[in-house]
Amino acid sequence: MDGEIHVDELQSLLAEDADVEIVDIRSPPAFAQGHIPGSENIPFQRLVDEVDRLDDDADRIITVCPHGKSSVQAARLIQSYEGIENTPVESLAEGLTGWDGPVETAEQSADPNAPF
């Protein structure tokens, strides 16, 4: 794992349209209720089986959980996989409780024209 990233830094990367893959490790129902726009839901329990879904060409991979604790473990796990070891993997330090940017729901994810 390459450390932690803070909310303001992630917001800056997203505003710059940086090639960042955000992996939300919460349960599907929690993810559906609200998540960082553009994030992908891979619950922690399924991460080992689905790590190959991650974009190893991304400039950075950011893991997200409610408070920034479990995402540290997820980032370490992802970083250990072959093909990912050259991609920086970071945990969102404050977790979603610290996120004050836009949030989308599952319904908005399905409709790209839906407002945030």
# chains A, B, ... in the order shown; residues from 1 in each chain; ligands from 1
>>> select_by_dssp(residues="chain A", states="helix (DSSP H, G or I)", output="ChimeraX atom specification")
/A:7-15,28-33,44-53,70-79,96-98,106-110
>>> residues_around(residues="segment 23-25 of chain A", least_positions_apart="4", cutoff="6 Å", atoms="only C-alpha atoms", output="PyMOL selection string")
chain A and resi 39-44+63-65
>>> closest_residue(among="A:Asp52, A:Gln11, A:Ile78, A:Pro66", to="Ser27 of chain A", atoms="only C-alpha atoms")
A:Pro66
>>> atom_distance(atom1="atom CA of Thr97 of chain A", atom2="atom CA of Leu10 of chain A")
14.1 Å
>>> residues_around(residues="Ala15 of chain A", least_positions_apart="6", cutoff="12 Å", atoms="only C-alpha atoms", output="number ranges by chain")
A: 8-9, 37, 101-102
>>> residues_around(residues="Ile84 of chain A", least_positions_apart="6", cutoff="12 Å", atoms="only C-alpha atoms", output="PyMOL selection string")
chain A and resi 1-2+51-61+75-78
>>> atom_distance(atom1="atom CA of His35 of chain A", atom2="atom CA of Trp99 of chain A")
9.5 Å
>>> atom_distance(atom1="atom CA of Gln79 of chain A", atom2="atom CA of Arg26 of chain A")
18.5 Å
>>> select_by_dssp(residues="segment 69-99 of chain A", states="strand (DSSP E)", output="list in words")
Val89, Glu90, Ser91 and Leu92 of chain A
